[in-house]
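Asks: Next up, my_file-v8.csv (CSV, C-alpha atoms).
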```
chain,number,residue,atom,x,y,z
A,1,MET,CA,-5.1,28.8,-118.5
A,2,ILE,CA,-4.7,25.5,-120.4
A,3,PHE,CA,-2.1,27.1,-122.6
A,4,ILE,CA,-0.2,28.4,-119.6
A,5,GLU,CA,-0.4,25.0,-117.8
A,6,ASN,CA,1.0,23.1,-120.8
A,7,ASN,CA,3.8,25.6,-121.4
A,8,ILE,CA,4.6,26.3,-117.7
A,9,ASN,CA,8.2,25.1,-118.1
A,10,ASN,CA,8.9,28.0,-120.5
A,11,PHE,CA,8.4,30.5,-117.8
A,12,ASP,CA,10.3,31.5,-114.7
A,13,LEU,CA,7.5,30.4,-112.3
A,14,GLN,CA,8.2,33.0,-109.6
A,15,LYS,CA,8.2,35.9,-112.2
A,16,ALA,CA,5.1,34.6,-113.8
A,17,ILE,CA,3.3,34.7,-110.5
A,18,GLU,CA,4.6,38.2,-109.7
A,19,PHE,CA,3.3,39.5,-113.1
A,20,GLY,CA,-0.1,37.8,-112.5
A,21,ILE,CA,0.3,35.4,-115.4
A,22,ILE,CA,-0.4,32.5,-113.1
A,23,ASP,CA,-2.9,32.3,-110.3
A,24,VAL,CA,-1.1,31.3,-107.1
A,25,SER,CA,-4.1,29.5,-105.7
A,26,TYR,CA,-4.5,27.6,-108.9
A,27,VAL,CA,-0.9,26.4,-108.8
A,28,GLN,CA,-1.2,25.4,-105.2
A,29,GLU,CA,-4.3,23.4,-105.9
A,30,LYS,CA,-2.6,21.6,-108.8
A,31,ILE,CA,0.3,20.6,-106.6
A,32,LYS,CA,-2.1,19.3,-103.9
A,33,MET,CA,-4.0,17.3,-106.6
A,34,GLU,CA,-0.7,15.8,-107.9
A,35,GLU,CA,0.3,14.8,-104.3
A,36,LYS,CA,-3.0,13.2,-103.6
A,37,LYS,CA,-2.8,11.3,-106.9
A,38,GLU,CA,0.7,10.0,-106.1
A,39,ILE,CA,-0.4,8.9,-102.7
A,40,LEU,CA,-3.4,7.0,-104.0
A,41,GLU,CA,-1.3,5.3,-106.7
A,42,LYS,CA,1.1,4.0,-104.0
A,43,HIS,CA,-1.6,2.8,-101.7
A,44,PRO,CA,-0.9,-1.0,-101.5
A,45,TYR,CA,-4.5,-2.2,-101.0
A,46,LYS,CA,-7.4,-2.4,-103.4
A,47,ILE,CA,-10.2,0.1,-103.3
A,48,TRP,CA,-13.6,-1.4,-104.1
A,49,LYS,CA,-17.3,-0.7,-103.9
A,50,GLY,CA,-19.3,-3.3,-102.0
A,51,LYS,CA,-22.8,-4.7,-102.7
A,52,ASP,CA,-24.1,-2.3,-99.9
A,53,GLU,CA,-23.0,0.6,-102.1
A,54,LYS,CA,-20.3,1.4,-99.5
A,55,TRP,CA,-16.6,2.0,-100.4
A,56,TYR,CA,-13.9,-0.3,-98.9
A,57,THR,CA,-10.1,-0.6,-98.5
A,58,TYR,CA,-7.5,-1.7,-96.0
A,59,LEU,CA,-5.1,0.4,-93.9
A,60,PRO,CA,-2.0,-0.9,-92.2
A,61,ASP,CA,-2.3,-1.6,-88.5
A,62,LYS,CA,0.6,-2.2,-86.0
A,63,GLU,CA,-1.2,-4.9,-84.0
A,64,ARG,CA,-3.4,-6.7,-86.6
A,65,GLY,CA,-1.4,-6.1,-89.7
A,66,ARG,CA,-4.3,-4.4,-91.5
A,67,ILE,CA,-7.8,-3.1,-90.7
A,68,LEU,CA,-10.8,-2.8,-93.0
A,69,LYS,CA,-11.9,0.8,-93.7
A,70,LYS,CA,-15.4,1.7,-94.9
A,71,ARG,CA,-16.9,4.9,-96.1
A,72,THR,CA,-20.2,6.0,-97.9
A,73,THR,CA,-18.4,7.7,-100.8
A,74,GLN,CA,-15.3,7.1,-102.7
A,75,ILE,CA,-14.0,10.6,-102.0
A,76,ALA,CA,-14.4,10.2,-98.3
A,77,LEU,CA,-12.5,6.9,-98.4
A,78,GLU,CA,-9.7,8.4,-100.5
A,79,ASN,CA,-9.4,11.3,-98.1
A,80,ASP,CA,-8.9,8.8,-95.2
A,81,ILE,CA,-6.3,7.0,-97.3
A,82,ILE,CA,-4.5,10.3,-98.0
A,83,GLU,CA,-4.7,11.4,-94.4
A,84,TYR,CA,-3.2,8.1,-93.2
A,85,TRP,CA,-0.3,8.1,-95.6
A,86,LYS,CA,0.5,11.8,-95.2
A,87,LYS,CA,0.7,11.1,-91.5
A,88,GLU,CA,3.1,8.2,-92.2
A,89,ILE,CA,5.2,10.3,-94.5
A,90,GLU,CA,5.3,13.5,-92.4
A,91,ASN,CA,5.7,11.8,-89.1
A,92,PRO,CA,7.8,8.6,-89.5
A,93,THR,CA,8.7,6.3,-86.6
A,94,ILE,CA,12.0,6.5,-84.7
A,95,GLU,CA,13.0,3.3,-86.4
A,96,GLU,CA,12.3,4.7,-89.9
A,97,VAL,CA,14.3,7.8,-89.2
A,98,PHE,CA,17.2,5.8,-87.8
A,99,ASN,CA,17.3,3.5,-90.9
A,100,GLU,CA,17.1,6.4,-93.2
A,101,TRP,CA,20.1,8.1,-91.5
A,102,ASN,CA,22.1,4.9,-91.2
A,103,ASP,CA,21.5,3.7,-94.7
A,104,ARG,CA,22.2,7.1,-96.2
A,105,LYS,CA,25.6,7.2,-94.3
A,106,LEU,CA,26.5,3.9,-95.9
A,107,GLU,CA,25.3,4.9,-99.3
A,108,LEU,CA,27.4,8.0,-99.2
A,109,LYS,CA,30.4,5.9,-98.0
A,110,LYS,CA,30.7,7.9,-94.8
A,111,ILE,CA,30.7,4.7,-92.8
A,112,SER,CA,31.7,1.1,-93.6
A,113,SER,CA,29.3,-1.9,-93.7
A,114,ALA,CA,30.8,-3.0,-90.4
A,115,THR,CA,29.9,0.3,-88.8
A,116,HIS,CA,26.4,0.2,-90.3
A,117,LEU,CA,25.9,-3.2,-88.7
A,118,ARG,CA,27.2,-2.0,-85.3
A,119,ASN,CA,24.9,0.9,-85.4
A,120,CYS,CA,21.9,-1.4,-86.1
A,121,GLN,CA,23.0,-3.6,-83.2
A,122,ILE,CA,23.2,-0.7,-80.8
A,123,PHE,CA,19.8,0.7,-82.0
A,124,ASN,CA,18.0,-2.7,-81.7
A,125,ARG,CA,19.4,-3.3,-78.2
A,126,HIS,CA,18.3,0.0,-76.7
A,127,TYR,CA,15.5,1.3,-78.9
A,128,ASN,CA,13.5,-1.9,-79.3
A,129,GLU,CA,10.6,-0.6,-77.1
A,130,LEU,CA,10.6,2.9,-78.6
A,131,LYS,CA,11.3,2.3,-82.2
A,132,LYS,CA,7.6,2.4,-83.3
A,133,GLN,CA,7.0,5.7,-81.6
A,134,ARG,CA,6.4,8.7,-83.9
A,135,ILE,CA,9.4,11.0,-84.1
A,136,LYS,CA,7.4,14.2,-83.7
A,137,SER,CA,6.1,12.9,-80.3
A,138,ILE,CA,9.5,13.0,-78.7
A,139,SER,CA,11.0,16.0,-76.8
A,140,SER,CA,14.5,16.9,-75.6
A,141,GLU,CA,13.4,15.7,-72.1
A,142,ASN,CA,12.2,12.4,-73.5
A,143,VAL,CA,15.7,11.9,-75.1
A,144,GLN,CA,17.5,12.8,-71.9
A,145,ASP,CA,15.4,10.6,-69.6
A,146,PHE,CA,15.7,7.7,-72.0
A,147,LEU,CA,19.5,7.9,-72.3
A,148,GLU,CA,20.0,8.3,-68.6
A,149,LYS,CA,17.9,5.1,-67.9
A,150,GLN,CA,20.0,3.1,-70.3
A,151,ILE,CA,23.1,3.3,-68.1
A,152,PRO,CA,21.8,1.3,-65.1
A,153,LYS,CA,19.5,-0.8,-67.2
A,154,TYR,CA,22.3,-2.3,-69.3
A,155,ASP,CA,25.2,-1.5,-66.9
A,156,LEU,CA,26.9,0.6,-69.6
A,157,THR,CA,30.5,1.5,-69.7
A,158,ALA,CA,31.5,5.1,-70.7
A,159,LYS,CA,32.4,3.9,-74.2
A,160,ALA,CA,29.1,2.0,-74.7
A,161,PHE,CA,27.2,5.0,-73.6
A,162,SER,CA,29.2,7.2,-76.0
A,163,ASN,CA,28.3,4.8,-78.9
A,164,LEU,CA,24.6,5.0,-77.9
A,165,LYS,CA,24.7,8.8,-77.8
A,166,SER,CA,26.4,8.9,-81.2
A,167,ILE,CA,23.7,7.0,-83.1
A,168,THR,CA,21.0,9.0,-81.2
A,169,ARG,CA,22.7,12.3,-82.2
A,170,GLY,CA,22.9,11.0,-85.8
A,171,PHE,CA,19.3,10.1,-86.4
A,172,LEU,CA,18.0,13.1,-84.5
A,173,LYS,CA,20.1,15.5,-86.6
A,174,ARG,CA,18.5,13.8,-89.7
A,175,ALA,CA,15.1,14.4,-88.1
A,176,LYS,CA,16.0,18.0,-87.5
A,177,LYS,CA,17.1,18.5,-91.1
A,178,ARG,CA,13.7,17.1,-92.2
A,179,LYS,CA,12.0,19.5,-89.8
A,180,LEU,CA,10.4,16.7,-87.9
A,181,ILE,CA,11.8,18.0,-84.6
A,182,THR,CA,12.6,21.5,-83.4
A,183,PHE,CA,14.7,21.1,-80.2
A,184,ASN,CA,18.4,21.7,-80.0
A,185,ILE,CA,20.0,18.2,-80.1
A,186,GLU,CA,23.5,19.2,-78.8
A,187,GLU,CA,22.0,21.1,-75.9
A,188,ALA,CA,19.8,18.1,-75.1
A,189,LEU,CA,22.7,15.7,-75.0
A,190,GLN,CA,24.9,18.1,-73.0
A,191,GLU,CA,22.3,18.4,-70.3
A,192,ILE,CA,22.1,14.7,-69.6
A,193,ASP,CA,22.6,14.1,-65.9
A,194,VAL,CA,25.5,11.6,-65.8
A,195,SER,CA,29.0,11.5,-64.3
A,196,GLU,CA,31.9,9.1,-64.4
A,197,ILE,CA,30.8,7.2,-61.3
A,198,ASP,CA,27.6,6.2,-63.1
A,199,PHE,CA,29.4,4.0,-65.6
A,200,LYS,CA,30.5,0.4,-65.2
A,201,LYS,CA,34.3,0.1,-64.9
A,202,ASN,CA,35.8,-2.7,-66.9
A,203,ILE,CA,38.7,-3.6,-64.6
A,204,LYS,CA,40.8,-6.4,-66.1
A,205,ASN,CA,43.8,-8.0,-64.6
A,206,ASP,CA,47.1,-8.0,-66.5
A,207,TYR,CA,47.0,-11.8,-67.0
A,208,GLU,CA,43.7,-11.3,-69.0
A,209,GLU,CA,45.2,-8.6,-71.2
A,210,VAL,CA,48.7,-9.7,-72.2
A,211,PHE,CA,50.9,-12.8,-72.4
A,212,ASN,CA,53.4,-12.6,-69.5
A,213,ASP,CA,57.0,-13.6,-69.8
A,214,ASP,CA,56.4,-17.2,-69.0
A,215,GLU,CA,53.4,-17.6,-71.3
A,216,TYR,CA,55.2,-15.8,-74.1
A,217,SER,CA,58.1,-18.3,-74.1
A,218,ILE,CA,55.7,-21.3,-73.9
A,219,ILE,CA,53.5,-20.2,-76.8
A,220,ILE,CA,56.3,-19.0,-79.1
A,221,LYS,CA,58.0,-22.4,-78.7
A,222,TYR,CA,54.8,-24.2,-79.4
A,223,LEU,CA,54.1,-22.2,-82.5
A,224,MET,CA,57.6,-22.7,-83.9
A,225,ASN,CA,57.3,-26.5,-83.4
A,226,ASN,CA,53.9,-26.7,-85.1
A,227,LEU,CA,54.2,-24.5,-88.2
A,228,ASP,CA,51.2,-24.5,-90.4
A,229,SER,CA,49.6,-21.4,-92.1
A,230,LYS,CA,47.6,-20.3,-89.1
A,231,ASN,CA,50.4,-20.7,-86.6
A,232,ILE,CA,52.8,-18.9,-89.0
A,233,GLY,CA,50.3,-16.0,-89.0
A,234,ILE,CA,50.0,-16.0,-85.2
A,235,LEU,CA,53.8,-15.9,-85.0
A,236,LEU,CA,53.9,-12.9,-87.4
A,237,MET,CA,51.5,-11.1,-85.1
A,238,PHE,CA,53.7,-11.8,-82.0
A,239,ALA,CA,56.7,-10.5,-84.0
A,240,THR,CA,55.1,-7.4,-85.4
A,241,GLY,CA,52.0,-6.5,-83.4
A,242,ILE,CA,49.8,-6.2,-86.5
A,243,ARG,CA,46.0,-6.5,-86.1
A,244,VAL,CA,44.3,-9.8,-86.9
A,245,GLY,CA,42.2,-8.1,-89.6
A,246,GLU,CA,45.4,-6.8,-91.3
A,247,LEU,CA,47.0,-10.3,-91.1
A,248,VAL,CA,44.3,-12.1,-93.0
A,249,ALA,CA,44.3,-9.4,-95.7
A,250,LEU,CA,48.0,-9.8,-96.5
A,251,LYS,CA,49.2,-10.5,-100.1
A,252,HIS,CA,52.6,-11.5,-101.3
A,253,GLU,CA,53.1,-8.3,-103.1
A,254,VAL,CA,53.4,-6.3,-99.9
A,255,PHE,CA,56.5,-8.1,-98.6
A,256,ASN,CA,60.0,-6.8,-99.3
A,257,GLU,CA,63.0,-8.4,-97.5
A,258,ASN,CA,62.4,-7.9,-93.7
A,259,THR,CA,59.4,-5.5,-94.1
A,260,PHE,CA,55.8,-5.6,-95.4
A,261,LYS,CA,53.2,-2.9,-96.0
A,262,ILE,CA,49.8,-2.7,-94.3
A,263,GLN,CA,47.3,-1.5,-96.9
A,264,ARG,CA,44.1,-3.6,-96.3
A,265,THR,CA,42.0,-5.0,-93.5
A,266,GLU,CA,39.1,-7.4,-93.1
A,267,THR,CA,35.7,-6.0,-92.3
A,268,ARG,CA,32.6,-7.8,-91.1
A,269,PHE,CA,28.9,-7.0,-91.7
A,270,CYS,CA,25.5,-8.7,-91.8
A,271,GLY,CA,24.4,-10.0,-95.2
A,272,ALA,CA,20.8,-10.1,-96.6
A,273,ASP,CA,20.4,-13.7,-95.2
A,274,GLY,CA,21.3,-12.5,-91.6
A,275,LYS,CA,24.7,-14.2,-91.6
A,276,TYR,CA,28.0,-12.4,-91.2
A,277,VAL,CA,29.9,-11.6,-94.3
A,278,TYR,CA,33.7,-11.1,-94.1
A,279,GLU,CA,35.2,-8.9,-96.8
A,280,ILE,CA,38.5,-7.1,-97.5
A,281,LYS,CA,38.5,-3.3,-97.3
A,282,GLU,CA,41.1,-1.6,-99.4
A,283,SER,CA,42.3,0.5,-96.5
A,284,PRO,CA,43.3,-0.3,-92.9
A,285,LYS,CA,41.3,0.6,-89.8
A,286,THR,CA,42.7,4.2,-89.5
A,287,GLU,CA,44.8,6.5,-91.7
A,288,ALA,CA,47.8,5.8,-89.5
A,289,GLY,CA,47.2,2.1,-90.2
A,290,VAL,CA,48.8,2.6,-93.6
A,291,ARG,CA,52.4,1.8,-92.7
A,292,THR,CA,55.5,-0.3,-93.4
A,293,VAL,CA,56.1,-2.9,-90.6
A,294,ILE,CA,59.6,-4.2,-89.7
A,295,ILE,CA,60.1,-7.8,-88.9
A,296,PRO,CA,62.8,-8.5,-86.2
A,297,ASN,CA,66.0,-10.1,-87.5
A,298,ASP,CA,65.4,-13.3,-85.6
A,299,TYR,CA,62.1,-13.7,-87.3
A,300,ILE,CA,63.2,-13.0,-90.9
A,301,TRP,CA,63.1,-16.7,-91.5
A,302,LEU,CA,59.3,-16.4,-91.4
A,303,CYS,CA,59.4,-14.6,-94.7
A,304,SER,CA,60.5,-17.7,-96.6
A,305,LYS,CA,57.7,-19.7,-94.8
A,306,ILE,CA,55.2,-17.1,-95.8
A,307,LYS,CA,56.5,-17.0,-99.4
A,308,ALA,CA,55.7,-20.7,-99.7
A,309,LEU,CA,52.1,-20.2,-98.5
A,310,ASN,CA,49.7,-20.1,-101.5
A,311,PRO,CA,52.4,-18.7,-103.8
A,312,PHE,CA,50.1,-18.4,-106.8
A,313,GLY,CA,47.0,-17.2,-105.0
A,314,GLU,CA,45.8,-13.7,-104.1
A,315,TYR,CA,45.9,-14.0,-100.4
A,316,ILE,CA,48.7,-15.6,-98.3
A,317,PHE,CA,46.6,-17.2,-95.5
A,318,VAL,CA,44.1,-19.6,-97.0
A,319,ASN,CA,42.5,-22.9,-96.0
A,320,ASP,CA,42.7,-26.3,-97.7
A,321,LYS,CA,40.2,-25.2,-100.3
A,322,ARG,CA,42.4,-22.2,-101.1
A,323,GLU,CA,39.9,-19.8,-99.6
A,324,ARG,CA,41.0,-16.9,-97.6
A,325,ILE,CA,40.8,-17.6,-93.9
A,326,THR,CA,38.9,-15.0,-91.8
A,327,THR,CA,39.8,-13.4,-88.5
A,328,ASN,CA,37.5,-15.8,-86.8
A,329,CYS,CA,39.7,-18.7,-87.9
A,330,ILE,CA,42.7,-17.2,-86.3
A,331,ARG,CA,40.7,-16.4,-83.1
A,332,ARG,CA,39.5,-20.0,-82.8
A,333,ARG,CA,43.0,-21.4,-83.3
A,334,LEU,CA,44.6,-19.1,-80.7
A,335,GLU,CA,41.9,-20.1,-78.2
A,336,ARG,CA,42.6,-23.8,-78.8
A,337,ILE,CA,46.3,-23.2,-78.3
A,338,CYS,CA,45.8,-21.4,-75.1
A,339,ASN,CA,43.6,-24.2,-73.8
A,340,LYS,CA,46.2,-26.8,-74.8
A,341,LEU,CA,49.0,-25.0,-73.1
A,342,ASN,CA,46.9,-24.1,-70.0
A,343,ILE,CA,47.3,-20.4,-70.7
A,344,TYR,CA,44.4,-18.0,-69.8
A,345,LYS,CA,42.3,-17.7,-73.0
A,346,LYS,CA,43.2,-14.6,-74.9
A,347,SER,CA,42.1,-13.0,-78.2
A,348,PRO,CA,44.4,-12.0,-81.0
A,349,HIS,CA,44.1,-8.4,-79.8
A,350,LYS,CA,45.9,-9.5,-76.6
A,351,ILE,CA,48.9,-10.4,-78.8
A,352,ARG,CA,48.9,-6.8,-80.1
A,353,LYS,CA,48.7,-5.5,-76.5
A,354,THR,CA,51.6,-7.8,-75.6
A,355,TYR,CA,53.7,-6.4,-78.5
A,356,GLY,CA,52.9,-2.8,-77.5
A,357,SER,CA,53.9,-3.5,-73.9
A,358,ILE,CA,57.2,-5.0,-75.0
A,359,LEU,CA,58.1,-1.9,-77.0
A,360,LEU,CA,57.2,0.4,-74.2
A,361,ASP,CA,59.0,-1.7,-71.6
A,362,ASN,CA,62.1,-1.5,-73.7
A,363,LYS,CA,61.8,2.3,-74.1
A,364,ILE,CA,61.8,2.2,-77.9
A,365,ASP,CA,61.6,5.5,-79.6
A,366,ARG,CA,58.1,6.8,-79.7
A,367,GLN,CA,58.0,7.4,-83.4
A,368,ILE,CA,59.0,3.8,-84.0
A,369,ILE,CA,56.3,2.6,-81.7
A,370,LEU,CA,53.7,4.7,-83.5
A,371,SER,CA,54.9,3.4,-86.9
A,372,GLN,CA,54.9,-0.3,-85.9
A,373,MET,CA,51.5,-0.1,-84.1
A,374,GLY,CA,49.8,2.2,-86.6
A,375,HIS,CA,48.8,4.7,-83.9
A,376,THR,CA,48.5,8.5,-84.3
A,377,ASN,CA,49.2,9.3,-80.6
A,378,ILE,CA,51.5,7.6,-78.1
A,379,ILE,CA,49.0,8.3,-75.4
A,380,CYS,CA,46.7,5.7,-77.0
A,381,THR,CA,49.5,3.1,-76.9
A,382,GLU,CA,50.5,4.0,-73.3
A,383,THR,CA,46.9,4.1,-72.0
A,384,HIS,CA,45.4,1.1,-73.7
A,385,TYR,CA,48.4,-1.2,-74.7
A,386,HIS,CA,50.8,-1.0,-71.8
A,387,ARG,CA,50.4,-3.8,-69.2
A,388,ASN,CA,52.6,-5.5,-66.7
A,389,ARG,CA,54.1,-8.7,-68.0
A,390,LYS,CA,56.4,-9.6,-65.2
A,391,ASN,CA,55.6,-12.5,-62.8
A,392,ILE,CA,55.5,-12.1,-59.0
A,393,LYS,CA,59.2,-13.3,-58.6
A,394,THR,CA,60.5,-11.0,-61.2
A,395,LYS,CA,58.6,-8.0,-59.9
A,396,GLY,CA,59.9,-8.9,-56.4
A,397,ASP,CA,63.5,-9.0,-57.6
A,398,ILE,CA,63.1,-5.6,-59.3
A,399,ILE,CA,61.6,-3.9,-56.3
A,400,SER,CA,64.1,-5.6,-53.9
A,401,ALA,CA,67.0,-4.3,-56.0
A,402,ILE,CA,66.1,-0.6,-55.3
A,403,PRO,CA,68.8,0.8,-53.0
A,404,GLU,CA,66.4,2.5,-50.7
A,405,PHE,CA,64.7,-0.8,-49.9
A,406,GLN,CA,68.0,-2.6,-49.0
A,407,ILE,CA,69.1,-2.8,-45.4
A,408,LYS,CA,72.8,-2.1,-45.1
```
Rewrite the coordinates I just gave you, this time as C-alpha cells.

Replies:
Amino acid sequence: MIFIENNINNFDLQKAIEFGIIDVSYVQEKIKMEEKKEILEKHPYKIWKGKDEKWYTYLPDKERGRILKKRTTQIALENDIIEYWKKEIENPTIEEVFNEWNDRKLELKKISSATHLRNCQIFNRHYNELKKQRIKSISSENVQDFLEKQIPKYDLTAKAFSNLKSITRGFLKRAKKRKLITFNIEEALQEIDVSEIDFKKNIKNDYEEVFNDDEYSIIIKYLMNNLDSKNIGILLMFATGIRVGELVALKHEVFNENTFKIQRTETRFCGADGKYVYEIKESPKTEAGVRTVIIPNDYIWLCSKIKALNPFGEYIFVNDKRERITTNCIRRRLERICNKLNIYKKSPHKIRKTYGSILLDNKIDRQIILSQMGHTNIICTETHYHRNRKNIKTKGDIISAIPEFQIK
C-alpha cells in the first residue's frame, strides 16, 4: 500500500480503483485526513494544553471577537476546530459570497473598478442588516420578501431597484454555482410582486435638466469672456455635447482640424485608503462612445486655444501643477458659474442634455445625432436627452402662430 501511495500519480486513479489496485475507502480517508490537516494549519489561534490538563484554543465570535474553547482531549478540540471552519467554508455569509462574486468579476475584467465600487455601495446600503446571515439559510421567499420591502423603505426608483436586483442576481448565481443554494434564481426574481406604480417617479422640470435659450446665451458669453482651461473645456462641451469624463481624458493627438476622436474616459473607484481614485480608462463609456466628434465652424477657434493648453504634456486639461484635472473640477467650476450668473445649478451632464435637445429641435439627421452623442439608439436620445428649452413667451408665440388658434 505504501508503494501504491507513493506512486499514485503514475496510475489513472479511476482505473486503479476499478481494478481493485486501490481501496476506495482508504483513498477517501486519506483525502479527509489531508483536509483536516489543512484546516488545522490555517487555524489562526494557538492550541495549548493548560495546567489543568485540558486543551484550549480560541474560535472567532461575531459579538465578542473570539471565545475560549476548552476540551478534555486534543482530538476533541481539533474536531471542534475542524467543524467550525468547515461550517465557515461550506456555508459562507451573504457578504462573503457577494465579495467573492464582485471581486471575481473585477479580476476577470468583466466590470470596471467604478462598477465594482458602485456594486459595493448598493450592497452596503441594502444588505447591511443581512450581510452576516449564512447563505444556506435563505430561500427564494426570503429573497422576494427582502427585495419587495426595499422599494418603500428607500423610496426606490425603477432604475435603482433594477440595480439592486442585478447585484442580487449576481451573487446568488455565484452561490448556486458553488451549490450553496438550490432554488431557481430567475424564477424567484420574476415572481417579485411589484408594479410600476410602486416606484418613485423622478419628475424633473425642464429648467433643472437643460439650459434654456436665455441661460444658454448668458453662459456662453461669460465663458468666452473668461477663457481659462476649465472654461475652454466647458465651452467645448457646449459645442460638441461630449461627456465630462471624455473631456478630461482628451490628448492633443486626437485633434485634427475641426474634429477630434473620443477614445478614453475617466473612471472613479474607491482606493485602499477609502478615498476616491480618478483614473483614465482606455475606452469610452460604451462601444458607441468611440467616435469622431465635429466642432461647429463658429467654434473652430477653440482648437487653437486648446492647442496652447499644456502643449508638451500628456493631457490637455491640467491644473497649475500640470496635473490632469478631474471631472469633479469641471463640475465645481460649472456650479460656481451658475451661481454667479443666477442660473439654476446644473451638472455637466445637463450641458450634454442641452446639446442633444438642440440637435433634435433642429431635426438633424438621426445618424449624425447618434455619431455626435455616442449613442446606439435614437430612442435613448429622444427619451432621455430631449427637453423643452423655450421660455414662456417663445412658447406662447409658437402656439399663437398656429392657424387654427387664430381668430379671423

Asks: Rounded to one decimal place, report the CA of Val293 in chain A-CA of Asn205 in chain A distance in Å.

Replies: 29.2 Å

Asks: Could you tell me which of A:Leu334, A:Leu309, A:Ile197, A:Ala175 comes closest to Asn231 in chain A if we count all atoms listed in the file?

Replies: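 Counting all atoms listed in the file, the residue closest to Asn231 in chain A is A:Leu334.
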
Asks: Find the residues near Cys380 in chain A: any atom within 12 Å, counting only C-alpha atoms, skip ones fewer than 6 places away on the same chain, and give them as a PyMOL selection string.

Replies: chain A and resi 353+356+366+369-370+373-374+386

Asks: Figure out the distance between CA of Arg352 in chain A and CA of Ile111 in chain A, please, to one decimal in Å.

Replies: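 Distance reported for this atom pair: 25.0 Å.
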
Asks: With a distance cut-off of 8 Å and all atoms listed in the file, select the neighbouring residues of range 46-54 of chain A, excluding the residue or stretch itself and same-chain residues fewer than 4 positions from it, and output the selection as a list in words.

Replies: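 What passes the distance filter is Tyr58, Lys70, Arg71, Thr72 and Thr73 of chain A.
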
Asks: Mind writing the picked residues with C-alpha atoms as a PDB file, in the coordinates of the input?

Replies:
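So the final result, stored in out.pdb, reads:
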```
ATOM      1  CA  TYR A  58      -7.500  -1.700 -96.000  1.00  0.00           C
ATOM      2  CA  LYS A  70     -15.400   1.700 -94.900  1.00  0.00           C
ATOM      3  CA  ARG A  71     -16.900   4.900 -96.100  1.00  0.00           C
ATOM      4  CA  THR A  72     -20.200   6.000 -97.900  1.00  0.00           C
ATOM      5  CA  THR A  73     -18.400   7.700-100.800  1.00  0.00           C
TER       6      THR A  73
END
```

Asks: Set up a box along x, y and z of the file covering all listed atoms of range 39-57 of chain A, add 4 Å on every one of the six sides, and write the centre and edge lengths in Å to one decimal, as lines of an AutoDock Vina configuration file.

Replies:
```
center_x = -11.5
center_y = 2.1
center_z = -102.6
size_x = 33.2
size_y = 21.6
size_z = 16.2
```

Asks: In Å to one decimal, how far is CA of Ile203 in chain A from CA of Arg169 in chain A?

Replies: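 Between these atoms lies a distance of 28.6 Å.
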
Asks: Given all atoms listed in the file, how would the per-residue table for range 209-282 of chain A near range 387-407 of chain A read, listing every residue at most 8 Å away with its closest atom pair and distance in Å to one decimal, sorted by chain and number, as a Markdown table?

Replies:
```
| residue | atom | partner | partner_atom | distance |
| --- | --- | --- | --- | --- |
| A:Glu209 | CA | A:Arg387 | CA | 7.4 |
| A:Val210 | CA | A:Arg387 | CA | 6.8 |
| A:Phe211 | CA | A:Arg389 | CA | 6.8 |
| A:Asn212 | CA | A:Arg389 | CA | 4.2 |
| A:Asp213 | CA | A:Arg389 | CA | 6.0 |
| A:Asp214 | CA | A:Asn391 | CA | 7.8 |
```

Asks: Tell me which protein, DNA and RNA residues are within 9 Å of Ile262 in chain A, counting only C-alpha atoms, leaving out same-chain ones fewer than 4 positions away, and put them as a list in words.

Replies: Ile242, Glu246, Leu247, Ala249, Leu250, Val254, Ser283, Pro284, Gly289, Val290, Arg291, Thr292 and Val293 of chain A

Asks: In terms of the shortest atom-to-atom distance over all atoms listed in the file, which of A:Ile192, A:Tyr315, A:Leu302, A:Ile234 is closest to His252 in chain A?

Replies: A:Tyr315

Asks: Rank nothing, just name the residue among A:Asp365, A:Gln263, A:Ile219, A:Lys177 nearest to Asn339 in chain A, using all atoms listed in the file.

Replies: A:Ile219

Asks: Dump as an mmCIF file with C-alpha atoms, in the coordinates of the input all residues having an atom at most 12 Å from (0.4, -0.3, -83.5), computed in the file's coordinates with all atoms listed in the file.

Replies:
```cif
data_model
loop_
_atom_site.group_PDB
_atom_site.id
_atom_site.type_symbol
_atom_site.label_atom_id
_atom_site.label_comp_id
_atom_site.auth_asym_id
_atom_site.auth_seq_id
_atom_site.Cartn_x
_atom_site.Cartn_y
_atom_site.Cartn_z
ATOM 1 C CA LEU A 59 -5.100 0.400 -93.900
ATOM 2 C CA PRO A 60 -2.000 -0.900 -92.200
ATOM 3 C CA ASP A 61 -2.300 -1.600 -88.500
ATOM 4 C CA LYS A 62 0.600 -2.200 -86.000
ATOM 5 C CA GLU A 63 -1.200 -4.900 -84.000
ATOM 6 C CA ARG A 64 -3.400 -6.700 -86.600
ATOM 7 C CA GLY A 65 -1.400 -6.100 -89.700
ATOM 8 C CA ARG A 66 -4.300 -4.400 -91.500
ATOM 9 C CA ILE A 67 -7.800 -3.100 -90.700
ATOM 10 C CA THR A 93 8.700 6.300 -86.600
ATOM 11 C CA LEU A 130 10.600 2.900 -78.600
ATOM 12 C CA LYS A 131 11.300 2.300 -82.200
ATOM 13 C CA LYS A 132 7.600 2.400 -83.300
ATOM 14 C CA GLN A 133 7.000 5.700 -81.600
ATOM 15 C CA ARG A 134 6.400 8.700 -83.900
#
```
